[in-house]
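Enquirer: Sharing input07.txt here; it has compact mmCIF, C-alpha atoms.
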# COMPACT_ATOMS: atom_id res chain seq x y z
CA MET U 114 -14.25 5.93 -43.81
CA LYS U 115 -11.63 6.22 -46.54
CA THR U 116 -10.65 9.37 -48.34
CA PRO U 117 -9.92 9.33 -52.07
CA PRO U 118 -6.54 7.59 -52.34
CA SER U 119 -3.36 9.52 -53.03
CA ARG U 120 -1.40 6.27 -53.17
CA PHE U 121 -2.48 3.39 -55.36
CA ARG U 122 -2.08 -0.34 -55.39
CA PHE U 123 0.53 -2.17 -57.35
CA ILE U 124 -1.03 -4.60 -59.80
CA PRO U 125 -0.64 -8.17 -58.50
CA GLY U 126 1.35 -10.37 -60.85
CA LEU U 127 3.02 -7.47 -62.64
CA ILE U 128 5.71 -6.65 -60.12
CA SER U 129 8.37 -9.13 -59.14
CA ASN U 130 9.08 -9.49 -55.42
CA SER U 131 7.05 -6.40 -54.68
CA VAL U 132 4.15 -5.41 -52.50
CA ASN U 133 1.38 -2.90 -52.87
CA SER U 134 2.36 0.74 -52.93
CA PRO U 135 0.35 2.30 -50.10
CA PHE U 136 -2.43 4.81 -50.54
CA THR U 137 -3.31 7.09 -47.69
CA ARG U 138 -6.52 7.27 -45.70
CA PHE U 139 -8.00 9.18 -42.82
CA PRO U 140 -5.53 8.83 -39.94
CA PRO U 141 -6.47 7.33 -36.60
CA ARG U 142 -7.45 10.12 -34.24
CA LEU U 143 -5.10 9.24 -31.44
CA ARG U 144 -4.85 12.45 -29.44
CA GLU U 145 -1.99 12.83 -26.99
CA THR U 146 -2.70 14.75 -23.81
CA ALA U 147 -2.94 18.51 -23.96
CA ALA U 148 0.15 18.69 -21.78
CA ALA U 149 2.13 16.67 -24.30
CA GLY U 150 0.94 18.92 -27.10
CA LEU U 151 1.91 22.05 -25.17
CA ALA U 152 5.29 20.52 -24.34
CA ALA U 153 5.89 19.78 -28.01
CA PHE U 154 4.93 23.37 -28.84
CA ALA U 155 7.32 24.77 -26.26
CA LEU U 156 10.13 22.47 -27.39
CA SER U 157 9.76 23.43 -31.03
CA PHE U 158 9.33 27.14 -30.31
CA GLY U 159 12.48 27.23 -28.23
CA ALA U 160 14.50 25.25 -30.76
CA ALA U 161 13.55 26.95 -34.00
CA GLY U 162 11.04 29.74 -33.40
CA PHE U 163 7.41 29.48 -34.38
CA GLY U 164 7.05 29.34 -38.15
CA ALA U 165 10.80 29.68 -38.67
CA ALA U 166 12.31 27.99 -41.71
CA ALA U 167 16.00 27.24 -41.59
CA ALA U 168 17.73 26.97 -44.94
CA GLN U 169 17.28 23.48 -46.35
CA PRO U 170 20.55 21.86 -47.38
CA ALA U 171 20.92 19.54 -50.32
CA ILE U 172 19.75 16.09 -49.29
CA PRO U 173 22.84 13.97 -48.57
CA ALA U 174 23.00 10.74 -50.52
CA ASP U 175 23.05 8.68 -47.30
CA THR U 176 19.88 10.27 -45.90
CA LEU U 177 17.27 8.04 -44.29
CA GLY U 178 14.01 9.96 -44.36
CA LEU U 179 10.37 9.22 -43.61
CA ALA U 180 7.58 9.13 -46.22
CA VAL U 181 4.09 9.93 -44.92
CA GLY U 182 1.04 10.41 -47.12
CA LEU U 183 -0.75 13.73 -47.04
CA ASP U 184 -4.02 12.21 -45.80
CA ALA U 185 -2.21 10.91 -42.71
CA LEU U 186 -1.39 14.54 -41.83
CA ARG U 187 -3.95 16.91 -43.31
CA TRP U 188 -6.91 15.94 -41.10
CA GLN U 189 -5.08 16.24 -37.78
CA ASP U 190 -5.72 19.20 -35.52
CA SER U 191 -2.80 21.38 -34.50
CA PHE U 192 -2.05 19.53 -31.27
CA ASP U 193 -2.01 16.12 -32.93
CA LEU U 194 0.09 17.34 -35.84
CA ARG U 195 2.67 18.91 -33.56
CA ASP U 196 2.76 15.78 -31.38
CA GLU U 197 3.52 13.72 -34.47
CA PHE U 198 6.28 16.03 -35.67
CA ALA U 199 7.74 16.13 -32.17
CA ASP U 200 7.94 12.35 -32.33
CA TYR U 201 9.64 12.47 -35.74
CA ARG U 202 12.21 14.78 -34.20
CA ALA U 203 12.64 12.51 -31.16
CA MET U 204 13.40 9.58 -33.49
CA GLY U 205 16.04 11.63 -35.28
CA VAL U 206 14.10 12.17 -38.51
CA ARG U 207 15.30 15.22 -40.44
CA TRP U 208 13.62 14.68 -43.82
CA LEU U 209 9.93 14.10 -44.56
CA ARG U 210 8.47 13.23 -47.96
CA THR U 211 4.79 14.06 -48.30
CA ASP U 212 2.30 15.10 -50.98
CA LEU U 213 1.65 18.56 -52.34
CA ASN U 214 -1.79 18.13 -53.87
CA TRP U 215 -2.23 20.37 -56.92
CA GLU U 216 -5.94 19.55 -57.03
CA THR U 217 -6.44 20.82 -53.48
CA VAL U 218 -4.46 24.03 -53.92
CA GLN U 219 -6.20 25.02 -57.17
CA GLN U 220 -9.54 23.30 -56.81
CA ASP U 221 -11.48 26.49 -57.61
CA GLY U 222 -9.77 27.27 -60.91
CA PRO U 223 -6.47 28.28 -62.52
CA ASP U 224 -6.37 31.64 -60.73
CA SER U 225 -7.22 30.26 -57.27
CA PHE U 226 -4.60 29.26 -54.71
CA ASP U 227 -5.32 27.81 -51.28
CA TRP U 228 -1.97 26.96 -49.69
CA SER U 229 -3.27 26.70 -46.12
CA GLU U 230 -3.04 22.91 -45.93
CA MET U 231 0.56 22.71 -47.14
CA ASP U 232 1.62 25.82 -45.24
CA ARG U 233 0.55 24.20 -41.99
CA ILE U 234 2.58 21.06 -42.69
CA VAL U 235 5.65 22.87 -43.98
CA ASP U 236 5.70 25.38 -41.12
CA THR U 237 5.16 22.71 -38.47
CA ALA U 238 8.00 20.67 -39.97
CA ALA U 239 10.28 23.69 -40.00
CA SER U 240 9.54 24.46 -36.37
CA PHE U 241 10.99 21.05 -35.49
CA GLY U 242 13.99 21.36 -37.79
CA ILE U 243 12.57 18.86 -40.31
CA SER U 244 12.94 19.51 -44.04
CA VAL U 245 10.25 18.56 -46.54
CA LEU U 246 10.45 16.83 -49.91
CA PRO U 247 7.11 17.55 -51.64
CA VAL U 248 5.85 15.03 -54.18
CA VAL U 249 3.55 17.03 -56.44
CA GLY U 250 0.59 15.50 -58.26
CA SER U 251 -3.18 15.14 -58.72
CA THR U 252 -4.73 17.17 -61.55
CA PRO U 253 -7.59 19.54 -60.62
CA GLU U 254 -10.88 18.94 -62.39
CA TRP U 255 -10.80 22.19 -64.35
CA ALA U 256 -7.59 21.00 -66.07
CA TRP U 257 -8.96 17.62 -67.26
CA GLU U 258 -9.59 17.06 -70.95
CA THR U 259 -13.25 16.31 -70.19
CA PRO U 260 -15.30 16.74 -67.01
CA GLU U 261 -16.26 13.06 -67.07
CA GLN U 262 -12.82 11.46 -66.66
CA ILE U 263 -9.64 12.28 -64.74
CA THR U 264 -6.79 12.96 -67.16
CA PRO U 265 -3.43 14.69 -67.17
CA PRO U 266 -3.84 18.43 -67.75
CA THR U 267 -4.93 19.39 -71.23
CA ASP U 268 -2.40 22.23 -71.04
CA PRO U 269 0.90 21.10 -69.43
CA GLY U 270 1.69 24.78 -69.08
CA ALA U 271 -0.94 24.96 -66.33
CA PHE U 272 1.21 22.58 -64.31
CA GLY U 273 4.30 24.63 -65.06
CA ARG U 274 2.58 27.76 -63.81
CA PHE U 275 1.48 25.95 -60.66
CA MET U 276 5.03 24.76 -60.03
CA SER U 277 6.36 28.29 -60.49
CA GLU U 278 3.97 29.55 -57.82
CA ALA U 279 4.76 26.64 -55.51
CA VAL U 280 8.51 27.15 -55.75
CA ARG U 281 8.23 30.90 -55.26
CA ARG U 282 6.20 30.26 -52.13
CA TYR U 283 8.27 27.49 -50.58
CA ALA U 284 11.86 28.17 -51.62
CA PRO U 285 11.95 31.04 -49.09
CA ARG U 286 10.73 28.49 -46.53
CA GLY U 287 13.74 26.31 -47.34
CA ILE U 288 12.31 23.81 -49.85
CA HIS U 289 14.65 23.21 -52.79
CA VAL U 290 13.88 19.60 -53.76
CA TRP U 291 10.77 18.57 -55.73
CA GLU U 292 9.45 15.19 -56.85
CA ILE U 293 7.15 15.34 -59.86
CA TRP U 294 4.23 12.94 -59.39
CA ASN U 295 4.00 9.63 -57.58
CA GLU U 296 4.25 6.33 -59.51
CA PRO U 297 3.25 7.80 -62.89
CA ASN U 298 3.71 4.37 -64.51
CA LEU U 299 0.54 3.17 -62.75
CA LYS U 300 -3.03 3.94 -63.82
CA GLY U 301 -4.11 4.91 -60.29
CA PRO U 302 -1.80 7.90 -59.83
CA PHE U 303 -1.82 8.83 -63.54
CA PRO U 304 -5.32 8.17 -64.88
CA PRO U 305 -6.80 7.11 -67.20
CA ARG U 306 -3.66 5.05 -68.00
CA PRO U 307 0.13 5.38 -67.74
CA ASP U 308 1.23 7.77 -70.49
CA PRO U 309 4.97 8.49 -70.62
CA ALA U 310 4.55 11.10 -73.38
CA ALA U 311 2.02 13.06 -71.29
CA TYR U 312 4.20 12.70 -68.21
CA ALA U 313 7.22 13.92 -70.19
CA MET U 314 5.22 17.01 -71.14
CA LEU U 315 4.61 17.71 -67.44
CA LEU U 316 8.32 17.36 -66.67
CA LYS U 317 9.26 19.63 -69.57
CA ALA U 318 6.79 22.25 -68.36
CA ALA U 319 7.79 21.96 -64.70
CA ALA U 320 11.57 21.97 -65.01
CA PRO U 321 12.10 25.45 -66.49
CA ALA U 322 9.46 26.89 -64.17
CA ILE U 323 11.15 25.40 -61.10
CA ARG U 324 14.65 26.40 -62.18
CA ALA U 325 13.63 29.94 -63.06
CA ALA U 326 12.10 30.39 -59.61
CA ASP U 327 14.93 28.59 -57.77
CA PRO U 328 18.17 27.92 -59.68
CA GLN U 329 19.47 25.66 -56.89
CA ALA U 330 16.43 23.35 -56.97
CA THR U 331 16.73 19.59 -57.43
CA ILE U 332 14.05 17.86 -59.53
CA ILE U 333 13.22 14.18 -59.02
CA LEU U 334 11.47 12.15 -61.71
CA GLY U 335 8.42 10.80 -59.88
CA GLY U 336 9.11 7.56 -57.98
CA LEU U 337 8.36 4.71 -60.38
CA ALA U 338 6.51 1.63 -59.19
CA ALA U 339 8.66 -1.46 -59.67
CA ALA U 340 6.48 -2.95 -62.40
CA SER U 341 8.47 -5.54 -64.33
CA SER U 342 6.04 -5.84 -67.26
CA THR U 343 3.38 -3.80 -69.01
CA ASP U 344 -0.26 -4.72 -68.49
CA ARG U 345 -2.28 -4.83 -71.70
CA GLY U 346 -5.27 -3.43 -69.82
CA GLY U 347 -3.40 -0.19 -69.16
CA ARG U 348 -3.14 -0.58 -65.41
CA ALA U 349 0.65 -0.49 -65.25
CA MET U 350 3.65 0.06 -67.51
CA ALA U 351 7.00 -1.60 -66.95
CA ALA U 352 9.26 0.86 -65.13
CA ALA U 353 12.16 0.61 -67.56
CA GLU U 354 9.87 0.88 -70.58
CA PHE U 355 8.15 3.92 -69.09
CA LEU U 356 11.45 5.64 -68.26
CA ASN U 357 12.84 5.01 -71.73
CA ALA U 358 9.70 6.46 -73.30
CA VAL U 359 10.01 9.58 -71.11
CA TYR U 360 13.53 10.08 -72.43
CA GLU U 361 12.40 9.42 -76.00
CA ALA U 362 9.71 12.09 -75.56
CA GLY U 363 12.44 14.63 -74.92
CA ALA U 364 12.33 14.98 -71.14
CA GLY U 365 16.02 14.15 -70.60
CA GLY U 366 17.53 17.17 -68.89
CA SER U 367 14.27 17.92 -67.08
CA PHE U 368 15.24 16.02 -63.92
CA ASP U 369 18.29 15.61 -61.70
CA ALA U 370 17.56 12.15 -60.29
CA VAL U 371 15.20 9.24 -60.92
CA GLY U 372 12.77 8.22 -58.16
CA PHE U 373 12.05 4.52 -57.64
CA HIS U 374 10.00 2.39 -55.20
CA PRO U 375 11.73 -0.99 -54.83
CA TYR U 376 9.30 -2.80 -52.51
CA THR U 377 10.42 -6.39 -52.01
CA GLY U 378 7.73 -8.13 -49.98
CA ASP U 379 9.43 -10.58 -47.61
CA ASP U 380 12.68 -10.71 -49.63
CA LEU U 381 15.70 -8.77 -48.44
CA PRO U 382 17.01 -6.20 -50.93
CA ASP U 383 19.46 -7.73 -53.40
CA ILE U 384 20.98 -5.79 -56.29
CA GLY U 385 22.34 -9.00 -57.79
CA ALA U 386 18.97 -10.79 -57.95
CA ARG U 387 17.68 -10.46 -61.51
CA ARG U 388 14.00 -10.65 -60.55
CA SER U 389 14.33 -8.38 -57.51
CA SER U 390 13.07 -4.81 -57.71
CA TRP U 391 16.53 -3.76 -56.49
CA GLY U 392 18.02 -5.79 -59.31
CA MET U 393 15.67 -3.94 -61.65
CA MET U 394 17.29 -0.70 -60.54
CA ALA U 395 20.79 -2.07 -61.08
CA GLY U 396 19.94 -3.55 -64.47
CA PRO U 397 17.12 -2.27 -66.69
CA ILE U 398 16.61 1.13 -65.04
CA ARG U 399 20.30 2.06 -64.99
CA ASP U 400 20.73 0.66 -68.50
CA VAL U 401 18.08 3.08 -69.76
CA MET U 402 19.69 5.98 -67.91
CA ALA U 403 23.13 5.14 -69.29
CA ALA U 404 21.77 4.83 -72.83
CA HIS U 405 20.63 8.44 -72.54
CA GLY U 406 23.83 9.78 -71.02
CA ASP U 407 22.68 9.76 -67.39
CA GLN U 408 24.93 6.97 -66.11
CA ASP U 409 26.20 9.23 -63.32
CA MET U 410 22.72 10.24 -62.16
CA ARG U 411 21.50 8.81 -58.86
CA ILE U 412 18.34 6.82 -58.23
CA TRP U 413 16.45 8.04 -55.17
CA ILE U 414 14.38 5.51 -53.23
CA THR U 415 11.49 7.77 -52.35
CA GLU U 416 9.42 4.93 -50.87
CA TYR U 417 10.42 1.62 -49.34
CA GLY U 418 8.69 -0.45 -46.66
CA ALA U 419 6.66 -3.55 -45.89
CA PRO U 420 3.25 -4.31 -44.32
CA THR U 421 3.08 -6.43 -41.17
CA ASN U 422 -0.23 -8.20 -41.76
CA GLU U 423 1.76 -11.42 -41.64
CA GLU U 424 -1.16 -13.84 -41.69
CA GLU U 425 -2.51 -12.30 -44.90
CA GLY U 426 0.69 -12.13 -46.93
CA GLY U 427 2.64 -9.40 -45.14
CA VAL U 428 5.87 -9.81 -43.22
CA SER U 429 6.59 -10.36 -39.56
CA GLU U 430 7.43 -7.32 -37.48
CA ALA U 431 10.95 -8.68 -37.00
CA ARG U 432 11.35 -9.07 -40.76
CA GLN U 433 10.12 -5.51 -41.33
CA ALA U 434 13.00 -4.28 -39.17
CA GLU U 435 15.45 -6.46 -41.11
CA LEU U 436 14.19 -5.01 -44.38
CA LEU U 437 14.86 -1.46 -43.19
CA ALA U 438 18.35 -2.25 -41.90
CA SER U 439 19.28 -4.22 -45.02
CA GLY U 440 17.86 -1.61 -47.39
CA VAL U 441 19.71 1.29 -45.77
CA ARG U 442 22.96 -0.68 -45.62
CA LEU U 443 22.75 -1.65 -49.30
CA ALA U 444 21.76 1.86 -50.38
CA ARG U 445 24.72 3.38 -48.55
CA GLU U 446 27.10 0.83 -50.05
CA THR U 447 25.92 1.56 -53.60
CA PRO U 448 27.36 4.76 -55.14
CA TRP U 449 24.50 5.36 -57.58
CA ILE U 450 21.71 5.14 -54.98
CA GLY U 451 20.67 8.38 -53.34
CA PRO U 452 18.51 8.99 -50.25
CA LEU U 453 16.03 6.38 -49.00
CA PHE U 454 12.63 7.29 -47.53
CA TRP U 455 10.88 4.71 -45.35
CA TYR U 456 7.11 4.36 -45.63
CA SER U 457 5.55 4.99 -43.09
CA TYR U 458 5.04 6.35 -39.55
CA ARG U 459 1.89 4.75 -38.10
CA ASP U 460 -0.42 1.94 -39.22
CA LEU U 461 -3.60 3.30 -40.79
CA GLY U 462 -5.95 0.60 -39.53
CA THR U 463 -6.26 -3.02 -38.44
CA ASP U 464 -8.00 -4.75 -41.36
CA PRO U 465 -5.93 -7.93 -41.90
CA ASP U 466 -6.95 -8.05 -45.56
CA ASP U 467 -5.83 -4.49 -46.29
CA ALA U 468 -2.05 -4.35 -46.63
CA GLU U 469 -2.12 -0.55 -46.71
CA ASP U 470 -3.12 -0.56 -43.04
CA TRP U 471 0.15 -2.11 -41.86
CA PHE U 472 3.22 -0.17 -43.10
CA GLY U 473 3.90 1.86 -39.94
CA LEU U 474 6.81 2.08 -37.57
CA MET U 475 4.07 1.81 -34.98
CA ALA U 476 0.75 0.02 -34.70
CA GLU U 477 -2.46 2.03 -34.97
CA ASP U 478 -2.67 2.24 -31.17
CA GLY U 479 0.82 3.73 -30.93
CA ARG U 480 2.67 0.56 -29.93
CA PRO U 481 6.17 0.75 -31.41
CA LYS U 482 7.21 -2.10 -33.69
CA PRO U 483 10.84 -3.34 -33.75
CA VAL U 484 11.42 -1.34 -36.94
CA ARG U 485 11.13 1.89 -34.96
CA ASP U 486 14.12 0.95 -32.81
CA THR U 487 16.01 0.06 -36.01
CA LEU U 488 15.26 3.42 -37.56
CA GLU U 489 16.29 5.29 -34.40
CA ARG U 490 19.53 3.31 -34.22
CA ILE U 491 20.41 4.08 -37.83
CA LEU U 492 19.62 7.77 -37.43
CA SER U 493 21.76 8.00 -34.29
CA GLU U 494 24.85 6.51 -35.93
Mind converting the file's structure to structure tokens?
Expert:
Amino acid sequence: MKTPPSRFRFIPGLISNSVNSPFTRFPPRLRETAAAGLAAFALSFGAAGFGAAAAQPAIPADTLGLAVGLDALRWQDSFDLRDEFADYRAMGVRWLRTDLNWETVQQDGPDSFDWSEMDRIVDTAASFGISVLPVVGSTPEWAWETPEQITPPTDPGAFGRFMSEAVRRYAPRGIHVWEIWNEPNLKGPFPPRPDPAAYAMLLKAAAPAIRAADPQATIILGGLAAASSTDRGGRAMAAAEFLNAVYEAGAGGSFDAVGFHPYTGDDLPDIGARRSSWGMMAGPIRDVMAAHGDQDMRIWITEYGAPTNEEEGGVSEARQAELLASGVRLARETPWIGPLFWYSYRDLGTDPDDAEDWFGLMAEDGRPKPVRDTLERILSE
């Protein structure tokens, strides 16, 4: 059974050398033994103290982090969640990108706040010495323009007020980096259609609220899907066109870095390839940034990965490992690229026709793929 997606598909034919951006689903319920869970608890308690939150440093530009959708975490019981975070720690992961769902926190109205879901994830991460990059999105129903259709909030100030509360809650827990929305240039994450003016309004409302609550905070413009052209049906907007329109709507100065998702399918990352999503970063995206005075701003790769359903258009497991190694190497060699977050931890299923099932470092049954060894090697260097 699938939950409502918090990741959405790329639109086939609109994105050069790119694959579908994953959406999250109910995770496989693969419980470790109770002994393993208790061991993980003891390890984390001894290392950091239960519920402790060490100060979160600025994310170094050469960081390799892990991106895991909220729905792969939120439904796990405490033992399973701690087992998973213990494994992140064992691999050497120190940064996790996951969703902070505005709709869930304020589902009962503008004066309601239920932080329990995010608290559990943030506190578990902290107990293992793992810092969190929240990507905030998903408008609650009470904030839609009409009750019949999902829209951006009628009052962007409602989002600003939510961000103020979120930062005041989580800055003391060590969170100082925030990504505003996921792939807002796609209809799925930003219904009913990509709207750079509406997204700019959210940024302009969020930025002063975040900075007032935490002057040291870093704000990331939500990771753009690598769409190379705009779909007339409103399903996707070209990344460079969307970014330029956000600047033109007055949101320059409301973010400290640009997020981007340069999925490449089977092709290795190549900044010099004109039709590559990495080439899109080097060319059109950076051209827009430079035109608005942000030539020294970094681009953060807040999602990158590849599905291993090879027989149905994915990549081989060996190629998946090559893509990670090549992507990290190229990112670290390129001064204007910031941290890179690999999507994702575990396969979400085994349907050969569903690419979103196959992005993990491990198969659904826990079997490690070669990419896991690659990630561990990089993180140990």
Enquirer: In terms of the shortest atom-to-atom distance over all atoms listed in the file, which of U:Asp369, U:Glu258, U:Asp327, U:Asp407 is closest to Ser277 of chain U?
Expert: U:Asp327
Enquirer: Expressed in Å to a single decimal, how great is the separation between atom CA of Gly250 of chain U and atom CA of Val218 of chain U?
Expert: 10.8 Å
Enquirer: Mind checking which residues fall within 9 Å of Gln433 of chain U, counting only C-alpha atoms, ignoring those fewer than 6 positions away in the same chain, and posting them as a PDB file with C-alpha atoms, in the coordinates of the input?
Expert:
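Contents of the output file around.pdb:
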ATOM      1  CA  ASP U 379       9.430 -10.580 -47.610  1.00  0.00           C
ATOM      2  CA  GLY U 418       8.690  -0.450 -46.660  1.00  0.00           C
ATOM      3  CA  ALA U 419       6.660  -3.550 -45.890  1.00  0.00           C
ATOM      4  CA  PRO U 420       3.250  -4.310 -44.320  1.00  0.00           C
ATOM      5  CA  THR U 421       3.080  -6.430 -41.170  1.00  0.00           C
ATOM      6  CA  PHE U 472       3.220  -0.170 -43.100  1.00  0.00           C
ATOM      7  CA  LYS U 482       7.210  -2.100 -33.690  1.00  0.00           C
ATOM      8  CA  PRO U 483      10.840  -3.340 -33.750  1.00  0.00           C
ATOM      9  CA  VAL U 484      11.420  -1.340 -36.940  1.00  0.00           C
TER      10      VAL U 484
END
Enquirer: Pick the closest to Leu246 of chain U from U:Arg233, U:His374, U:Arg485, U:Arg210: which is it, counting all atoms listed in the file?
Expert: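 Among the listed residues, the smallest separation from Leu246 of chain U belongs to U:Arg210.
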Enquirer: With distances taken over only C-alpha atoms, which of U:Ala311, U:Trp471, U:His289, U:Arg388 is nearest to Arg459 of chain U?
Expert: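 Smallest distance to Arg459 of chain U is found for U:Trp471.
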Enquirer: How far is it from atom CA of Asp212 of chain U to atom CA of Tyr360 of chain U, in Å with one decimal?
Expert: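 Taking atom CA of Asp212 of chain U as the start and atom CA of Tyr360 of chain U as the end point, the length is 24.7 Å.
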Enquirer: List the residues sitting within 10 Å of (-5.1, 2.6, -63.5) in the file's frame, using only C-alpha atoms, as a count of residues only.
Expert: 20
Enquirer: Just checking: using all atoms listed in the file, which residue out of U:Gly178, U:Pro173, U:Gly406, U:Pro328 ends up closest to Ile491 of chain U?
Expert: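 Under the stated criterion, the closest residue is U:Gly178.
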Enquirer: Identify, on the basis of only C-alpha atoms, every residue whose closest approach to Asp200 of chain U does not exceed 10 Å; exclude the query and any residue fewer than 5 positions from it along the same chain; express the result as a PyMOL selection string.
Expert: chain U and resi 153+194-195+205-206+241+458
Enquirer: Please identify all polymer residues within 10 Å of Gly396 of chain U, counting only C-alpha atoms, omitting same-chain residues fewer than 2 positions from it, and present them as a PyMOL selection string.
Expert: chain U and resi 353+384-387+390-394+398-401
Enquirer: Quick one, how far is atom CA of Trp413 of chain U from atom CA of Ala395 of chain U?
Expert: 12.5 Å
Enquirer: Please identify all polymer residues within 8 Å of Ala238 of chain U, counting only C-alpha atoms, omitting same-chain residues fewer than 6 positions from it, and present them as a ChimeraX atom specification.
Expert: /U:198,244-245
Enquirer: May I ask which of the residues U:Ala370, U:Met402, U:Ala431, U:Thr331 is the closest one to Glu354 of chain U, counting only C-alpha atoms?
Expert: U:Met402
Enquirer: Got a sec: who's within 12 Å of Tyr417 of chain U, counting all atoms listed in the file, leaving out chain neighbours fewer than 4 positions off, as a count of residues only?
Expert: 43
Enquirer: Select, from U:Ile332, U:Leu183, U:Met231, U:Leu443, the residue with the minimum atom-to-atom distance to Tyr283 of chain U, counting all atoms listed in the file.
Expert: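 When distances to Tyr283 of chain U are compared using all atoms listed in the file, the smallest one comes from U:Met231.
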